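Asker: If you scroll down you'll find the structure; I have some questions about it.
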Amino acid sequence: MAGKKKARAAPRSTAGAVRKQREIQNRMDRRDEEHDSRSGQKKRGAVQAGGRRQPVDLPAQHLAKPGHEHALEEQPRYLAPDYRGSGKLAERVALITGGDSGIGRAVAVLFAREGADVAIVYLSEDEDARRTREAVEHEGRECLLIRGDVKDPVFCSQAVDRTLGKFGHLDVLVNNAAFQEHSENIEDLSEEHLQETLQTNIGGYFHMARAAVPHLGEGSAIINTGSETGLFGNPMLLDYSATKGAIHAFTRSLAKNLLKRGIRVNAVAPGPVWTPLNPADRPAGKLDEFGQGSAMGRAAQPEELSPAYVFLAAPSCSSYISGSVLEVLGGPTG
């Protein structure tokens with residue numbers, strides 16, 4: 001019939017689309033429940049990517065400061081038995097602060113395995129320092145023990161002088177000494193606490209570098225120990241995180257300052273590492289799962305960090321690297 005309007009198609013019912021979406025949703029919900037059930041039955045395994053399996057569950061133990069490595073129930077691993085030296089630091093001399101234990105001890109051992117003599121600075125941990133010296137001597141190199149506080153610039157100059165008096169020269173400075181103590185609220189962070197952290201962690205690095213630089217030559221290296229807390233922050237370690245961020249900035253700035261002299265400056269930023277530092281900070285009940293929040297699901301052992309320091313110290317490995325912060329975090333973060 002002329003003029004008759006064409007009938008408009010009825011709108012498609014939305015009921016079918018809703019039904020389909022809900023079916024998809026229900027299917028995924030069931031899969032999520034199955035996944036959660038399986039996850040609850042089995043704890044996520046830690047990643048073991050090295051030559052030997054490393055500890056995952058650590059003892060719930062609290063140490064009195066400054067923290068003695070020999071008192072730990074689970075002894076940190078520092079010998080790196082799979083690491084073979086090849087003379088990368090032959091006839092060089094290294095000065096390492098905080099060298100009595102933890103990362104410092106592990107670095108001293110591998111430096112010696114690569115042919116370096118070592119002087120270590122430590123606060124008061126005499127037995128730990130003696131064990132480090134024995135480990136260095138076992139590698140066939142000499143080790144000088146220097147007891148003192150890096151907060152004191154006079155002591156830092158004396159430590160450099162003693163190293164020069166013993167070995168005749170200095171080629172590598174490793175700034176590694178640190179103070180760490182948590183504080184839940186900024187109001188609880190006393191001025192004494194704040195200054196102890198600032199003056200040890202960043203003041204000490206300045207003092208040691210200032211004393212050492214006049215005696216370093218072309219091809220020498222300074223390596224600073226930073227931290228993941230300096231990259232991402234930590235709500236319980238406001239002062240410590242601030243110093244580690246400062247160390248990263250100091251590293252990059254000093255690298256630019258010393259580049260014309262041929263002295264390279266770099267830093268290593270570790271993730272969680274099993275050393276006396278954390279058991280001397282957190283209560284025992286907070287430590288049994290230490291490091292399990294990392295990408296690898298466990299804390300590192302010091303022997304897993306020390307090769308990074310060898311790499312940055314040896315001109316044969318890193319002659320074109322300066323001003324870098326080498327992250328050793330146990331995998332991607334975030």
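A note on labels: chains of the structure tokens are A, B, ... as shown, every chain counts residues from 1, and ligands are counted from 1 in their shown order.
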Counting only C-alpha atoms, give me one row per residue of region 161-192 of chain A with an atom at most 8 Å from an atom of region 116-132 of chain A, showing the shortest contact pair and its distance in Å to one decimal, sorted by chain then residue number, as a tab-separated table.

Answerer:
```
residue	atom	partner	partner_atom	distance
A:Thr163	CA	A:Ala119	CA	6.3
A:Phe167	CA	A:Asp117	CA	7.9
A:Ala177	CA	A:Tyr122	CA	7.7
```

Asker: For the selection just defined, write its residues with N, CA, C and O atoms to a file, as a short mmCIF file (atom, residue, chain, number, x, y, z; two decimals), in the first residue's frame.

Answerer:
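Result written to result_0.cif:
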```cif
data_model
loop_
_atom_site.label_atom_id
_atom_site.label_comp_id
_atom_site.auth_asym_id
_atom_site.auth_seq_id
_atom_site.Cartn_x
_atom_site.Cartn_y
_atom_site.Cartn_z
N THR A 163 95.85 1.97 55.87
CA THR A 163 95.82 1.11 54.69
C THR A 163 97.04 1.39 53.81
O THR A 163 97.71 0.47 53.34
N PHE A 167 99.91 -1.37 52.93
CA PHE A 167 99.99 -1.93 51.57
C PHE A 167 100.67 -1.02 50.56
O PHE A 167 100.99 -1.45 49.45
N ALA A 177 79.33 0.42 55.38
CA ALA A 177 78.86 0.48 56.76
C ALA A 177 77.49 1.14 56.82
O ALA A 177 77.21 2.09 56.09
#
```

Asker: For Ala313 (chain A), which of A:Lys244, A:Arg264, A:Lys65, A:His215 is the closest residue, counting only C-alpha atoms?

Answerer: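 Smallest separation from Ala313 (chain A) among the options: A:Arg264.
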
Asker: Determine the nearest neighbour of Arg77 (chain A) from the options A:Gln199, A:Asn266, A:Gln292, A:Thr275, counting only C-alpha atoms.

Answerer: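 Smallest separation from Arg77 (chain A) among the options: A:Thr275.
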
Asker: Name the residues in contact with Pro76 (chain A) at a cut-off of 7 Å, using only C-alpha atoms, excluding same-chain residues fewer than 2 positions from it; report them as a VMD selection string.

Answerer: chain A and resid 74 78 102 274 to 275 301 to 302

Asker: Restricting it to N, CA, C and O atoms, dump the selection as a tab-separated table (two decimals), in the first residue's frame.

Answerer:
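Heads up, here's the output in again_6.tsv:
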```tsv
chain	number	residue	atom	x	y	z
A	74	GLU	N	71.14	-18.95	61.61
A	74	GLU	CA	71.35	-19.25	60.19
A	74	GLU	C	72.48	-18.37	59.70
A	74	GLU	O	72.32	-17.17	59.52
A	78	TYR	N	78.72	-16.54	52.48
A	78	TYR	CA	79.61	-15.55	51.90
A	78	TYR	C	80.73	-16.14	51.05
A	78	TYR	O	81.47	-15.41	50.40
A	102	GLY	N	78.26	-9.78	56.75
A	102	GLY	CA	77.27	-9.50	55.72
A	102	GLY	C	77.87	-9.31	54.34
A	102	GLY	O	78.77	-10.04	53.91
A	274	TRP	N	70.24	-11.41	53.69
A	274	TRP	CA	70.36	-11.97	55.05
A	274	TRP	C	71.72	-11.61	55.63
A	274	TRP	O	72.73	-12.21	55.31
A	275	THR	N	71.72	-10.59	56.48
A	275	THR	CA	72.92	-10.14	57.18
A	275	THR	C	72.50	-9.81	58.62
A	275	THR	O	71.32	-9.80	58.94
A	301	GLN	N	71.44	-14.13	49.73
A	301	GLN	CA	72.59	-14.36	50.60
A	301	GLN	C	73.71	-13.42	50.15
A	301	GLN	O	73.80	-13.07	48.96
A	302	PRO	N	74.59	-13.01	51.06
A	302	PRO	CA	75.66	-12.08	50.68
A	302	PRO	C	76.48	-12.54	49.49
A	302	PRO	O	76.91	-11.71	48.67
```

Asker: Any chance you could list, as an MDAnalysis selection string, the residues in region 87-298 of chain A that come up strand (DSSP E) when DSSP is run on the backbone?

Answerer: chainID A and resid 93:97 117:122 143:147 172:175 221:225 264:270

Asker: CA of Gly271 (chain A) and CA of Gly230 (chain A) are how many Å apart?

Answerer: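 It comes out at 10.3 Å.
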
Asker: Considering only C-alpha atoms, return as a ChimeraX atom specification whatever protein or nucleic-acid residues lie within 10 Å of Ile263 (chain A), sequence-local ones (same chain, fewer than 3 positions apart) excluded.

Answerer: /A:171-172,213,216-222,254-260,319,322
